[in-house]
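Trainee: Input file: start.txt. Contents: compact mmCIF, C-alpha atoms and all ligand atoms.
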```
# COMPACT_ATOMS: atom_id res chain seq x y z
CA MET A 1 27.10 -17.59 15.99
CA SER A 2 30.92 -17.41 15.85
CA GLY A 3 32.82 -14.36 17.14
CA SER A 4 33.91 -13.30 13.66
CA ASN A 5 30.36 -13.66 12.29
CA SER A 6 28.89 -11.53 15.07
CA SER A 7 31.56 -8.82 14.66
CA GLU A 8 30.93 -8.84 10.87
CA LEU A 9 27.20 -8.39 11.58
CA ARG A 10 27.97 -5.50 13.98
CA VAL A 11 30.09 -3.80 11.29
CA LEU A 12 27.29 -4.33 8.74
CA CYS A 13 24.69 -2.92 11.14
CA SER A 14 26.74 0.15 12.06
CA SER A 15 27.55 0.82 8.40
CA GLY A 16 23.79 0.49 7.73
CA GLN A 17 23.18 3.10 10.42
CA LEU A 18 25.86 5.38 8.94
CA LEU A 19 24.19 4.98 5.55
CA LEU A 20 20.84 6.23 6.87
CA GLN A 21 22.19 8.88 9.29
CA PRO A 22 22.55 11.78 6.74
CA LEU A 23 19.00 11.17 5.49
CA TRP A 24 17.67 11.00 9.06
CA ASP A 25 19.60 14.15 10.10
CA ARG A 26 17.99 16.07 7.26
CA LEU A 27 14.52 14.80 8.11
CA ARG A 28 14.71 15.61 11.82
CA THR A 29 16.10 19.16 11.64
CA ARG A 30 14.13 21.57 13.80
CA ASP A 31 12.70 23.48 10.84
CA ALA A 32 11.81 20.39 8.90
CA LEU A 33 8.23 19.59 8.04
CA THR A 34 8.48 16.38 10.09
CA GLN A 35 8.08 18.43 13.30
CA SER A 36 4.76 19.87 12.13
CA PRO A 37 1.46 18.49 13.48
CA PHE A 38 0.21 18.67 9.87
CA PHE A 39 3.05 16.44 8.61
CA PRO A 40 1.19 13.06 8.84
CA VAL A 41 -1.71 14.27 6.67
CA ILE A 42 0.48 16.19 4.19
CA PHE A 43 2.79 13.18 3.90
CA ALA A 44 -0.12 10.74 3.47
CA ILE A 45 -1.76 12.82 0.71
CA THR A 46 1.44 13.69 -1.19
CA THR A 47 2.77 10.11 -1.27
CA TYR A 48 -0.63 8.83 -2.41
CA MET A 49 -0.99 11.46 -5.15
CA ALA A 50 2.64 11.05 -6.25
CA PHE A 51 2.10 7.31 -6.76
CA CYS A 52 -1.30 7.76 -8.46
CA LEU A 53 -0.20 10.50 -10.87
CA PRO A 54 1.96 8.35 -13.21
CA PHE A 55 -0.94 5.91 -13.65
CA VAL A 56 -3.39 8.77 -14.31
CA VAL A 57 -1.02 9.98 -17.07
CA LEU A 58 -0.68 6.44 -18.48
CA ASP A 59 -4.48 6.05 -18.51
CA ALA A 60 -4.81 9.36 -20.37
CA LEU A 61 -2.20 8.22 -22.92
CA CYS A 62 -3.61 4.71 -23.33
CA PRO A 63 -6.18 5.50 -26.08
CA TRP A 64 -3.38 7.12 -28.15
CA VAL A 65 -0.53 4.70 -27.38
CA PRO A 66 -1.66 1.15 -28.25
CA ALA A 67 1.63 -0.34 -26.95
CA LEU A 68 0.56 0.57 -23.41
CA ARG A 69 -2.61 -1.51 -23.70
CA ARG A 70 -0.70 -4.80 -23.64
CA TYR A 71 0.17 -4.08 -20.01
CA LYS A 72 -3.42 -3.28 -19.02
CA ILE A 73 -5.44 -6.01 -17.34
CA HIS A 74 -8.54 -4.56 -19.02
CA PRO A 75 -7.05 -3.21 -22.29
CA ASP A 76 -10.16 -1.35 -23.41
CA PHE A 77 -10.81 0.39 -20.09
CA SER A 78 -9.61 3.88 -19.20
CA PRO A 79 -11.25 5.78 -16.33
CA SER A 80 -13.29 8.79 -17.35
CA VAL A 81 -13.08 12.23 -15.74
CA GLN A 82 -16.48 11.43 -14.16
CA GLN A 83 -14.85 8.44 -12.44
CA LEU A 84 -11.57 10.17 -11.50
CA LEU A 85 -12.98 13.34 -9.91
CA PRO A 86 -15.20 11.66 -7.25
CA CYS A 87 -12.22 9.50 -6.23
CA LEU A 88 -9.92 12.50 -5.92
CA GLY A 89 -12.60 14.52 -4.13
CA ARG A 90 -13.34 11.74 -1.62
CA THR A 91 -9.65 11.25 -0.75
CA LEU A 92 -9.11 14.99 -0.14
CA TYR A 93 -12.41 15.39 1.75
CA GLN A 94 -11.79 12.42 4.05
CA HIS A 95 -8.22 13.46 4.82
CA VAL A 96 -9.17 17.07 5.61
CA VAL A 97 -12.43 16.43 7.49
CA PHE A 98 -11.66 13.18 9.32
CA VAL A 99 -7.95 12.21 9.24
CA LEU A 100 -6.55 15.70 9.99
CA PRO A 101 -8.50 16.23 13.27
CA VAL A 102 -7.58 12.72 14.48
CA THR A 103 -3.86 13.20 13.72
CA LEU A 104 -3.93 16.67 15.36
CA LEU A 105 -5.47 15.18 18.50
CA HIS A 106 -2.84 12.41 18.48
CA TRP A 107 -0.05 14.98 18.03
CA ALA A 108 -1.42 17.10 20.93
CA HIS A 109 -1.55 14.01 23.14
CA ALA A 110 1.88 12.69 22.12
CA PRO A 111 4.05 15.00 19.93
CA ALA A 112 6.42 13.14 17.64
CA PHE A 113 9.67 12.10 19.33
CA LEU A 114 12.51 11.97 16.82
CA PRO A 115 15.60 10.22 18.24
CA PRO A 116 19.00 11.59 17.13
CA GLU A 117 20.23 8.26 15.77
CA ALA A 118 19.07 6.66 12.54
CA PRO A 119 17.90 3.04 12.64
CA GLU A 120 20.18 0.22 11.54
CA LEU A 121 19.48 -0.75 7.95
CA LEU A 122 18.95 -4.45 8.73
CA GLN A 123 16.56 -3.65 11.58
CA LEU A 124 14.65 -1.23 9.34
CA LEU A 125 14.29 -3.91 6.66
CA ARG A 126 13.27 -6.56 9.23
CA HIS A 127 10.62 -4.27 10.73
CA VAL A 128 9.25 -3.23 7.31
CA VAL A 129 8.84 -6.89 6.22
CA LEU A 130 7.22 -7.79 9.57
CA CYS A 131 4.85 -4.80 9.36
CA LEU A 132 3.86 -5.77 5.80
CA LEU A 133 3.13 -9.38 6.82
CA LEU A 134 1.10 -8.24 9.86
CA PHE A 135 -0.81 -5.62 7.84
CA ASP A 136 -1.59 -8.24 5.20
CA ALA A 137 -2.96 -10.65 7.86
CA GLU A 138 -5.03 -7.97 9.61
CA PHE A 139 -6.55 -6.62 6.42
CA PHE A 140 -7.22 -10.17 5.19
CA ALA A 141 -9.30 -10.88 8.36
CA TRP A 142 -11.11 -7.50 8.06
CA HIS A 143 -11.75 -8.05 4.36
CA VAL A 144 -13.14 -11.60 4.71
CA LEU A 145 -15.43 -10.43 7.54
CA HIS A 146 -16.70 -7.47 5.48
CA HIS A 147 -17.54 -9.79 2.56
CA LYS A 148 -19.10 -12.61 4.60
CA VAL A 149 -21.41 -10.44 6.74
CA PRO A 150 -23.90 -8.79 4.35
CA TRP A 151 -24.57 -5.80 6.63
CA LEU A 152 -20.86 -5.04 6.95
CA TYR A 153 -20.43 -5.36 3.17
CA ARG A 154 -23.38 -3.08 2.36
CA THR A 155 -22.56 -0.48 5.00
CA PHE A 156 -18.77 -0.27 4.85
CA HIS A 157 -17.12 -2.10 1.94
CA LYS A 158 -19.52 -1.95 -1.03
CA LEU A 159 -18.37 1.55 -1.92
CA HIS A 160 -14.82 0.31 -2.62
CA HIS A 161 -16.27 -2.23 -5.08
CA GLN A 162 -18.12 0.42 -7.08
CA ASN A 163 -15.33 0.35 -9.68
CA ALA A 164 -15.24 -3.22 -11.05
CA SER A 165 -12.26 -2.33 -13.25
CA SER A 166 -10.03 -0.52 -10.84
CA PHE A 167 -7.62 2.35 -11.48
CA ALA A 168 -5.02 4.07 -9.31
CA LEU A 169 -7.24 6.82 -7.87
CA ALA A 170 -9.88 4.21 -6.91
CA THR A 171 -7.43 2.83 -4.30
CA GLN A 172 -8.81 5.08 -1.57
CA TYR A 173 -12.37 5.24 -2.88
CA MET A 174 -13.79 3.74 0.29
CA SER A 175 -15.93 4.46 3.36
CA ILE A 176 -14.36 6.39 6.21
CA TRP A 177 -14.61 3.23 8.37
CA GLU A 178 -12.51 1.32 5.83
CA LEU A 179 -9.98 4.19 5.58
CA PHE A 180 -9.64 4.37 9.38
CA SER A 181 -9.35 0.57 9.63
CA LEU A 182 -6.49 0.61 7.10
CA GLY A 183 -4.86 3.54 8.93
CA PHE A 184 -5.22 1.69 12.23
CA PHE A 185 -3.59 -1.48 10.83
CA ASP A 186 -0.87 0.71 9.28
CA MET A 187 -0.05 2.31 12.66
CA VAL A 188 -0.72 -0.43 15.22
CA ASN A 189 2.09 -2.71 14.02
CA VAL A 190 4.78 -0.02 13.95
CA THR A 191 3.72 0.95 17.50
CA LEU A 192 3.69 -2.65 18.80
CA LEU A 193 7.10 -3.37 17.25
CA GLY A 194 8.55 -0.06 18.53
CA CYS A 195 9.69 0.93 15.04
CA HIS A 196 12.01 3.88 14.50
CA PRO A 197 10.19 6.92 12.96
CA LEU A 198 12.23 6.53 9.76
CA THR A 199 11.06 2.90 9.54
CA VAL A 200 7.48 4.14 9.99
CA LEU A 201 7.92 6.52 7.04
CA VAL A 202 9.51 3.83 4.83
CA PHE A 203 6.76 1.33 5.69
CA HIS A 204 4.06 3.92 5.02
CA VAL A 205 5.54 4.84 1.62
CA LEU A 206 5.86 1.15 0.65
CA ASN A 207 2.34 0.38 1.87
CA VAL A 208 0.85 3.25 -0.15
CA TRP A 209 2.82 2.21 -3.26
CA LEU A 210 1.72 -1.43 -3.00
CA SER A 211 -1.93 -0.48 -2.48
CA VAL A 212 -1.87 1.91 -5.48
CA GLU A 213 -0.12 -0.75 -7.60
CA ASP A 214 -2.83 -3.25 -6.53
CA HIS A 215 -5.49 -0.98 -8.05
CA SER A 216 -3.53 0.48 -10.97
CA GLY A 217 -4.90 -1.95 -13.56
CA TYR A 218 -1.39 -2.32 -15.03
CA ASP A 219 0.53 -5.61 -14.93
CA PHE A 220 4.09 -4.64 -15.91
CA PRO A 221 7.07 -7.04 -16.12
CA TRP A 222 8.42 -5.21 -13.04
CA SER A 223 5.17 -5.39 -11.04
CA THR A 224 5.84 -6.61 -7.50
CA HIS A 225 4.09 -9.97 -7.96
CA ARG A 226 6.50 -10.76 -10.84
CA LEU A 227 9.56 -9.87 -8.71
CA VAL A 228 8.67 -11.91 -5.60
CA PRO A 229 9.38 -15.61 -6.26
CA PHE A 230 7.29 -18.78 -5.73
CA GLY A 231 3.92 -17.02 -6.17
CA TRP A 232 4.15 -15.68 -2.60
CA TYR A 233 2.86 -12.28 -3.69
CA GLY A 234 -0.52 -11.76 -5.39
CA GLY A 235 -0.45 -8.02 -6.12
CA VAL A 236 -2.29 -6.27 -8.91
CA ALA A 237 -3.34 -9.37 -10.87
CA HIS A 238 -4.90 -11.01 -7.80
CA HIS A 239 -6.53 -7.87 -6.42
CA ASP A 240 -8.00 -6.99 -9.80
CA LEU A 241 -9.60 -10.44 -9.85
CA HIS A 242 -11.03 -9.71 -6.39
CA HIS A 243 -12.64 -6.54 -7.74
CA SER A 244 -14.26 -8.38 -10.64
CA GLN A 245 -15.20 -11.64 -8.86
CA PHE A 246 -15.73 -10.55 -5.18
CA ASN A 247 -15.35 -13.99 -3.54
CA CYS A 248 -11.62 -14.64 -3.92
CA ASN A 249 -8.16 -13.17 -3.25
CA PHE A 250 -9.02 -11.32 -0.04
CA ALA A 251 -5.43 -10.64 1.06
CA PRO A 252 -4.11 -7.34 -0.29
CA TYR A 253 -0.53 -8.44 -0.92
CA PHE A 254 0.62 -11.99 -0.13
CA THR A 255 -1.03 -15.25 -1.14
CA HIS A 256 -0.56 -17.52 1.92
CA TRP A 257 -3.78 -16.59 3.75
CA ASP A 258 -5.96 -17.15 0.67
CA LYS A 259 -4.14 -20.46 0.05
CA LEU A 260 -4.84 -21.56 3.63
CA LEU A 261 -8.54 -20.63 3.45
CA GLY A 262 -9.03 -21.93 -0.09
CA THR A 263 -9.96 -18.51 -1.47
CA LEU A 264 -6.97 -18.07 -3.77
CA ARG A 265 -7.87 -17.79 -7.43
CA PRO A 266 -4.92 -17.73 -9.84
CA CYS A 267 -4.62 -14.80 -12.19
CA PRO A 268 -4.46 -15.38 -16.00
CA SER A 269 -0.67 -14.86 -16.04
CA GLN A 270 -0.31 -17.88 -13.71
CA LEU A 271 -2.47 -19.98 -16.04
CA GLY A 272 0.00 -19.59 -18.88
CA ASP A 273 -1.07 -16.34 -20.50
CA GLU A 274 2.09 -14.32 -19.92
CA THR A 275 0.82 -11.27 -21.76
CA PRO A 276 -1.46 -9.31 -19.46
CA GLY A 277 -4.62 -8.05 -20.98
CA LYS A 278 -4.10 -9.93 -24.21
CA ALA A 279 -6.73 -12.42 -25.28
CA PRO A 280 -5.38 -16.00 -25.17
ZN ZN B 301 -9.46 -2.87 -3.75
ZN ZN B 302 -13.51 -6.57 -1.24
```
Kindly return the structure encoded in the file as structure tokens.
Ligand SMILES: [Zn+2]
Ligand SMILES: [Zn+2]

Mentor:
Amino acid sequence: MSGSNSSELRVLCSSGQLLLQPLWDRLRTRDALTQSPFFPVIFAITTYMAFCLPFVVLDALCPWVPALRRYKIHPDFSPSVQQLLPCLGRTLYQHVVFVLPVTLLHWAHAPAFLPPEAPELLQLLRHVVLCLLLFDAEFFAWHVLHHKVPWLYRTFHKLHHQNASSFALATQYMSIWELFSLGFFDMVNVTLLGCHPLTVLVFHVLNVWLSVEDHSGYDFPWSTHRLVPFGWYGGVAHHDLHHSQFNCNFAPYFTHWDKLLGTLRPCPSQLGDETPGKAP
């Protein structure tokens, strides 16, 4: 790399750090919630609910607003209250009874260290992309194993498949083993890569959004799989197919692992039907 290129990169990096510093300063103030041992659980629940809520509202509006149905993968399906409440109850129960004690123990063992400096923007982006790719690979391996071994499927993963037509609040309708496995994959990569705490938060928010989008049942023109080029990203259309057909599209986000193992099944939009949910 030439001298001028490397100095330009240094300027870009430090301006990226300056960009994030005010946000990071606010987050790490002594009184801020981030210092609390309860922060991980409160943050996990609020981000999840915040991302689910718009889809819950859309589902409630769907029977009255026909225009919305053209974006639904299953246009005639809207989750009932009897389907929504158990999902909501399970998420809250598992976070309070299981996740909270584990995060409290972790906090007591190693309280959060918040460095004074914000991360560089480019490093944050690099780490977030790497964490997403690693999470995708780890969950792909876990997911294939829990479908191929009948005992693992029956005991740990079947519950998540109870809703053949998925909806946002069904994202975390899963056994505690599956929830802890996802949490472990979420945390192990940021630890191995030595990510800055702000990067950890950004990755967590993105990971929750992508998993909720995967289960939302809505295929919008701005859905992630339509924004990422070359069919690299499967997203909601692929994961919905996994929920209805079981034996395909095991990766939660990207398509390369399913391509390599021959388990990728294209979604209807890739077969020429560009209008989701609409009969060809
Ligand atoms: Zn799922
Ligand atoms: Zn599955």

Trainee: Under the rule of at most 7 Å, produce a per-residue listing of chain A near ligand ZN 301 (chain B): chain, number, name, the closest pair of atoms, and the distance in Å, as a Markdown table, using all atoms listed in the file.

Mentor:
```
| residue | atom | partner | partner_atom | distance |
| --- | --- | --- | --- | --- |
| A:His160 | CA | B:ZN301 | ZN | 6.3 |
| A:His161 | CA | B:ZN301 | ZN | 7.0 |
| A:Thr171 | CA | B:ZN301 | ZN | 6.1 |
| A:His215 | CA | B:ZN301 | ZN | 6.2 |
| A:His239 | CA | B:ZN301 | ZN | 6.4 |
| A:His243 | CA | B:ZN301 | ZN | 6.3 |
```

Trainee: Between atom CA of A:Pro252 and atom CA of A:Asp136, what is the distance, to one decimal in Å?

Mentor: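 Rounded to one decimal, the two atoms are 6.1 Å apart.
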
Trainee: Neighbours of ligand ZN 302 (chain B) within 10 Å, counting all atoms listed in the file, as a list in words?

Mentor: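 Within the 10 Å cut-off, the matching residues are Phe140, Trp142, His143, Val144, Leu145, His146, His147, Tyr153, His157, Lys158, Leu159, His160, His161, His239, His242, His243, Ser244, Gln245, Phe246, Asn247, Cys248, Asn249, Phe250, Ala251 and Pro252 of chain A.
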
Trainee: Counting all atoms listed in the file, which of A:Ala118, A:Leu68, A:Leu53, A:Cys87 gets nearest to A:Leu19?

Mentor: A:Ala118

Trainee: Hey, which of A:Asn189, A:Thr29, A:Thr199, A:Ser36 ends up closest to A:Ala112? Count all atoms listed in the file.

Mentor: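 Closest to A:Ala112 of all the choices is A:Ser36.
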
Trainee: Calculated over all atoms listed in the file, which of the candidates A:Gly217, A:Thr46, A:His196, A:His106 has the smallest distance to A:Arg69?

Mentor: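 Answer, going by the shortest atom-to-atom distance: A:Gly217.
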
Trainee: Nearest to A:Phe184: which of A:Phe139, A:Phe203, A:Tyr253, A:Trp151 is it, counting only C-alpha atoms?

Mentor: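 Among the listed residues, the smallest separation from A:Phe184 belongs to A:Phe139.
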
Trainee: May I ask you to restore N, CA and C atoms in stretch 42-74 of chain A and write the result as a CSV table (one decimal), keeping the file's coordinate frame?

Mentor:
```
chain,number,residue,atom,x,y,z
A,42,ILE,N,-0.2,15.7,5.4
A,42,ILE,CA,0.5,16.2,4.2
A,42,ILE,C,1.3,15.0,3.6
A,43,PHE,N,2.0,14.3,4.4
A,43,PHE,CA,2.8,13.2,3.9
A,43,PHE,C,1.9,12.1,3.3
A,44,ALA,N,0.8,11.8,4.0
A,44,ALA,CA,-0.1,10.7,3.5
A,44,ALA,C,-0.7,11.1,2.1
A,45,ILE,N,-1.1,12.4,2.0
A,45,ILE,CA,-1.8,12.8,0.7
A,45,ILE,C,-0.7,12.9,-0.4
A,46,THR,N,0.4,13.5,-0.1
A,46,THR,CA,1.4,13.7,-1.2
A,46,THR,C,2.0,12.4,-1.7
A,47,THR,N,2.3,11.4,-0.8
A,47,THR,CA,2.8,10.1,-1.3
A,47,THR,C,1.7,9.4,-2.1
A,48,TYR,N,0.5,9.5,-1.7
A,48,TYR,CA,-0.6,8.8,-2.4
A,48,TYR,C,-0.8,9.5,-3.8
A,49,MET,N,-0.8,10.8,-3.8
A,49,MET,CA,-1.0,11.5,-5.2
A,49,MET,C,0.2,11.2,-6.0
A,50,ALA,N,1.4,11.2,-5.5
A,50,ALA,CA,2.6,11.0,-6.2
A,50,ALA,C,2.6,9.7,-6.9
A,51,PHE,N,2.1,8.7,-6.2
A,51,PHE,CA,2.1,7.3,-6.8
A,51,PHE,C,0.9,7.1,-7.7
A,52,CYS,N,-0.1,7.9,-7.5
A,52,CYS,CA,-1.3,7.8,-8.5
A,52,CYS,C,-1.0,8.5,-9.8
A,53,LEU,N,-0.4,9.6,-9.7
A,53,LEU,CA,-0.2,10.5,-10.9
A,53,LEU,C,0.4,9.8,-12.1
A,54,PRO,N,1.5,9.0,-12.0
A,54,PRO,CA,2.0,8.4,-13.2
A,54,PRO,C,0.9,7.5,-13.9
A,55,PHE,N,0.1,6.8,-13.1
A,55,PHE,CA,-0.9,5.9,-13.6
A,55,PHE,C,-2.1,6.7,-14.3
A,56,VAL,N,-2.4,7.9,-13.7
A,56,VAL,CA,-3.4,8.8,-14.3
A,56,VAL,C,-2.9,9.2,-15.7
A,57,VAL,N,-1.6,9.6,-15.8
A,57,VAL,CA,-1.0,10.0,-17.1
A,57,VAL,C,-1.1,8.8,-18.1
A,58,LEU,N,-0.7,7.6,-17.6
A,58,LEU,CA,-0.7,6.4,-18.5
A,58,LEU,C,-2.1,6.2,-19.0
A,59,ASP,N,-3.1,6.3,-18.1
A,59,ASP,CA,-4.5,6.0,-18.5
A,59,ASP,C,-4.9,7.1,-19.6
A,60,ALA,N,-4.4,8.3,-19.4
A,60,ALA,CA,-4.8,9.4,-20.4
A,60,ALA,C,-4.1,9.1,-21.7
A,61,LEU,N,-2.9,8.5,-21.7
A,61,LEU,CA,-2.2,8.2,-22.9
A,61,LEU,C,-2.7,7.0,-23.6
A,62,CYS,N,-3.3,6.1,-22.8
A,62,CYS,CA,-3.6,4.7,-23.3
A,62,CYS,C,-4.4,4.7,-24.7
A,63,PRO,N,-5.4,5.5,-24.8
A,63,PRO,CA,-6.2,5.5,-26.1
A,63,PRO,C,-5.3,5.9,-27.3
A,64,TRP,N,-4.2,6.6,-27.1
A,64,TRP,CA,-3.4,7.1,-28.2
A,64,TRP,C,-2.1,6.3,-28.3
A,65,VAL,N,-1.8,5.5,-27.3
A,65,VAL,CA,-0.5,4.7,-27.4
A,65,VAL,C,-0.9,3.2,-27.2
A,66,PRO,N,-1.2,2.5,-28.3
A,66,PRO,CA,-1.7,1.2,-28.2
A,66,PRO,C,-0.7,0.2,-27.5
A,67,ALA,N,0.6,0.5,-27.6
A,67,ALA,CA,1.6,-0.3,-27.0
A,67,ALA,C,1.4,-0.5,-25.4
A,68,LEU,N,0.8,0.6,-24.9
A,68,LEU,CA,0.6,0.6,-23.4
A,68,LEU,C,-0.5,-0.4,-23.0
A,69,ARG,N,-1.4,-0.7,-24.0
A,69,ARG,CA,-2.6,-1.5,-23.7
A,69,ARG,C,-2.2,-3.0,-23.4
A,70,ARG,N,-1.1,-3.4,-23.9
A,70,ARG,CA,-0.7,-4.8,-23.6
A,70,ARG,C,-0.4,-5.0,-22.2
A,71,TYR,N,-0.1,-3.9,-21.4
A,71,TYR,CA,0.2,-4.1,-20.0
A,71,TYR,C,-1.1,-3.9,-19.1
A,72,LYS,N,-2.2,-3.5,-19.8
A,72,LYS,CA,-3.4,-3.3,-19.0
A,72,LYS,C,-4.2,-4.6,-18.8
A,73,ILE,N,-4.7,-4.8,-17.6
A,73,ILE,CA,-5.4,-6.0,-17.3
A,73,ILE,C,-6.8,-6.0,-18.1
A,74,HIS,N,-7.3,-4.8,-18.2
A,74,HIS,CA,-8.5,-4.6,-19.0
A,74,HIS,C,-8.2,-3.6,-20.1
```
